[in-house]
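First comes the structure, then the notes that go with it.
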Amino acid sequence: MFVSDILSQKGSEIFSVGPRSSVAEIAWQISDRRVGSLLVLDVDGSVAGIVSERDLVRALATHGREALVLEARQIMTREVVTCDPDDSIDEIMQIMTNGRFRHLPVVRRGELLGLVSIGDVVKARLEEARHETEALKAYIVAG
């Protein structure tokens with residue numbers, strides 16, 4: 001199974017903010033949309049960074065309530081690791097585990113195609129395992 005399979009099932013909707021969006025706005029969007037991160041996109045639509053729940057907690061721990069008026073560009077993770085639609089589920093599981101993050105933007109030739117979360121990956125992996133189990137059962141019964 002590949003990243004493109006996940007995107008075909010979940011869609012390619014991306015929640016994002018601009019670099020000057022306030023931390024208060026980001027926190028509201030993360031809570032309202034029930035997501036774990038928002039991409040920070042430049043004016044041209046390219047990925048400038050990502051703000052995760054962890055980034056919000058770090059900003060609050062460092063700046064207290066003043067963190068709410070900071071901007072995305074001040075707290076975002078700038079070194080955003082991406083994946084390709086042709087990457088396998090196993091590959092991106094390894095990337096997420098090694099990097100200790102839960103969200104990967106999907107990019108091909110500079111074009112942002114979607115975002116996959118560890119939840120999406122686990123769901124896809126469980127579905128793949130279910131199909132394998134059913135195929136083995138069918139093989140044994142037919143045997």
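Just so we're on the same page: first chain in the structure tokens is A, next is B, and so on; residues restart at 1 for each chain, and ligands are numbered from 1 in the order they show up.
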
Considering only strand (DSSP E or B) as DSSP defines it on the backbone, what residues of region 49-102 of chain A qualify? List them as a short mmCIF file (atom, residue, chain, number, x, y, z; two decimals) with N, CA and C atoms, in the first residue's frame.
```
data_model
loop_
_atom_site.label_atom_id
_atom_site.label_comp_id
_atom_site.auth_asym_id
_atom_site.auth_seq_id
_atom_site.Cartn_x
_atom_site.Cartn_y
_atom_site.Cartn_z
N GLY A 49 6.32 25.79 6.70
CA GLY A 49 6.51 25.13 7.98
C GLY A 49 5.26 24.37 8.37
N ILE A 50 5.27 23.87 9.59
CA ILE A 50 4.12 23.16 10.14
C ILE A 50 4.04 23.52 11.62
N VAL A 51 2.82 23.71 12.11
CA VAL A 51 2.60 23.96 13.53
C VAL A 51 1.79 22.79 14.07
N SER A 52 2.37 22.08 15.01
CA SER A 52 1.71 20.94 15.63
C SER A 52 1.28 21.30 17.04
N GLU A 71 3.26 34.83 16.15
CA GLU A 71 2.83 34.42 14.81
C GLU A 71 3.34 33.02 14.48
N THR A 77 7.64 24.64 13.02
CA THR A 77 8.77 23.79 12.67
C THR A 77 9.10 24.10 11.22
N CYS A 83 6.74 13.57 2.04
CA CYS A 83 6.79 12.27 1.38
C CYS A 83 6.20 12.41 -0.01
N SER A 88 5.88 3.95 0.13
CA SER A 88 5.08 2.89 0.75
C SER A 88 4.70 3.28 2.18
#
```

field: Residue neighbourhood region 15-20 of chain A, 8 Å, only C-alpha atoms, exclusion window fewer than 2 positions, as a VMD selection string
entry: chain A and resid 13 22 26 38 to 43 48 71 to 73

Can I get the selection written as a PDB file, in the first residue's frame, with N, CA and C atoms?
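Dumped everything to result_28.pdb:
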```
ATOM      1  N   GLU A  13      -7.816  17.259   1.230  1.00  0.00           N
ATOM      2  CA  GLU A  13      -8.075  18.511   1.929  1.00  0.00           C
ATOM      3  C   GLU A  13      -6.934  18.814   2.882  1.00  0.00           C
ATOM      4  N   SER A  22      -1.867  34.254  13.979  1.00  0.00           N
ATOM      5  CA  SER A  22      -1.534  34.247  15.407  1.00  0.00           C
ATOM      6  C   SER A  22      -1.641  32.839  15.984  1.00  0.00           C
ATOM      7  N   ILE A  26      -4.339  29.753  15.393  1.00  0.00           N
ATOM      8  CA  ILE A  26      -3.892  28.385  15.118  1.00  0.00           C
ATOM      9  C   ILE A  26      -4.496  27.415  16.136  1.00  0.00           C
ATOM     10  N   LEU A  38      -1.331  22.105  11.591  1.00  0.00           N
ATOM     11  CA  LEU A  38      -1.702  22.915  10.429  1.00  0.00           C
ATOM     12  C   LEU A  38      -0.433  23.210   9.650  1.00  0.00           C
ATOM     13  N   LEU A  39      -0.524  23.127   8.345  1.00  0.00           N
ATOM     14  CA  LEU A  39       0.612  23.538   7.520  1.00  0.00           C
ATOM     15  C   LEU A  39       0.653  25.056   7.461  1.00  0.00           C
ATOM     16  N   VAL A  40       1.849  25.595   7.393  1.00  0.00           N
ATOM     17  CA  VAL A  40       2.041  27.026   7.208  1.00  0.00           C
ATOM     18  C   VAL A  40       2.487  27.197   5.761  1.00  0.00           C
ATOM     19  N   LEU A  41       1.635  27.874   4.982  1.00  0.00           N
ATOM     20  CA  LEU A  41       1.912  28.039   3.557  1.00  0.00           C
ATOM     21  C   LEU A  41       2.282  29.475   3.239  1.00  0.00           C
ATOM     22  N   ASP A  42       3.302  29.629   2.384  1.00  0.00           N
ATOM     23  CA  ASP A  42       3.669  30.946   1.867  1.00  0.00           C
ATOM     24  C   ASP A  42       2.609  31.412   0.884  1.00  0.00           C
ATOM     25  N   VAL A  43       2.733  32.642   0.449  1.00  0.00           N
ATOM     26  CA  VAL A  43       1.766  33.233  -0.484  1.00  0.00           C
ATOM     27  C   VAL A  43       1.645  32.407  -1.762  1.00  0.00           C
ATOM     28  N   ALA A  48       5.975  26.436   4.107  1.00  0.00           N
ATOM     29  CA  ALA A  48       6.979  27.201   4.844  1.00  0.00           C
ATOM     30  C   ALA A  48       7.305  26.528   6.170  1.00  0.00           C
ATOM     31  N   GLU A  71       3.260  34.826  16.152  1.00  0.00           N
ATOM     32  CA  GLU A  71       2.826  34.420  14.811  1.00  0.00           C
ATOM     33  C   GLU A  71       3.341  33.024  14.484  1.00  0.00           C
ATOM     34  N   ALA A  72       2.661  32.396  13.539  1.00  0.00           N
ATOM     35  CA  ALA A  72       3.037  31.040  13.112  1.00  0.00           C
ATOM     36  C   ALA A  72       4.521  30.967  12.779  1.00  0.00           C
ATOM     37  N   ARG A  73       5.023  31.946  12.078  1.00  0.00           N
ATOM     38  CA  ARG A  73       6.423  31.927  11.647  1.00  0.00           C
ATOM     39  C   ARG A  73       7.393  31.916  12.824  1.00  0.00           C
TER      40      ARG A  73
END
```

For this session: Give me every alpha helix (DSSP H) residue in region 14-142 of chain A, going by DSSP on the backbone, as a PyMOL selection string.
Result: chain A and resi 23-33+53-63+72-75+89-99+118-142

Across A:Gly36, A:Asp84, A:Gly99, A:Val23, the smallest distance to Gly64 (chain A), with only C-alpha atoms counted, is shown by A:Val23

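Across the structure, CA of His63 (chain A) and CA of Glu25 (chain A) are spaced 16.3 Å apart.
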
Correct to one decimal, the distance CA of Ala27 (chain A)-CA of Val47 (chain A) is 19.0 Å

Nearby residues (only C-alpha atoms) at most 7 Å from Thr82 (chain A), same-chain spacing under 3 positions excluded, as a ChimeraX atom specification
/A:104-107

- CA of Gly119 (chain A) and CA of Val35 (chain A), how far apart in Å?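 The value is 10.7 Å.
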
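With only C-alpha atoms as the atoms that count, the residue of A:Ser37, A:Arg125, A:Ser4, A:Leu56 with the shortest distance to Leu70 (chain A) is A:Leu56.
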
Check: Within 7 Å of Arg102 (chain A), counting only C-alpha atoms, which residues qualify if same-chain residues fewer than 4 places away don't, as a list of chain:residue names?
Finding: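 Near Arg102 (chain A), the qualifying residues are A:Met96, A:Ser117, A:Ile118.
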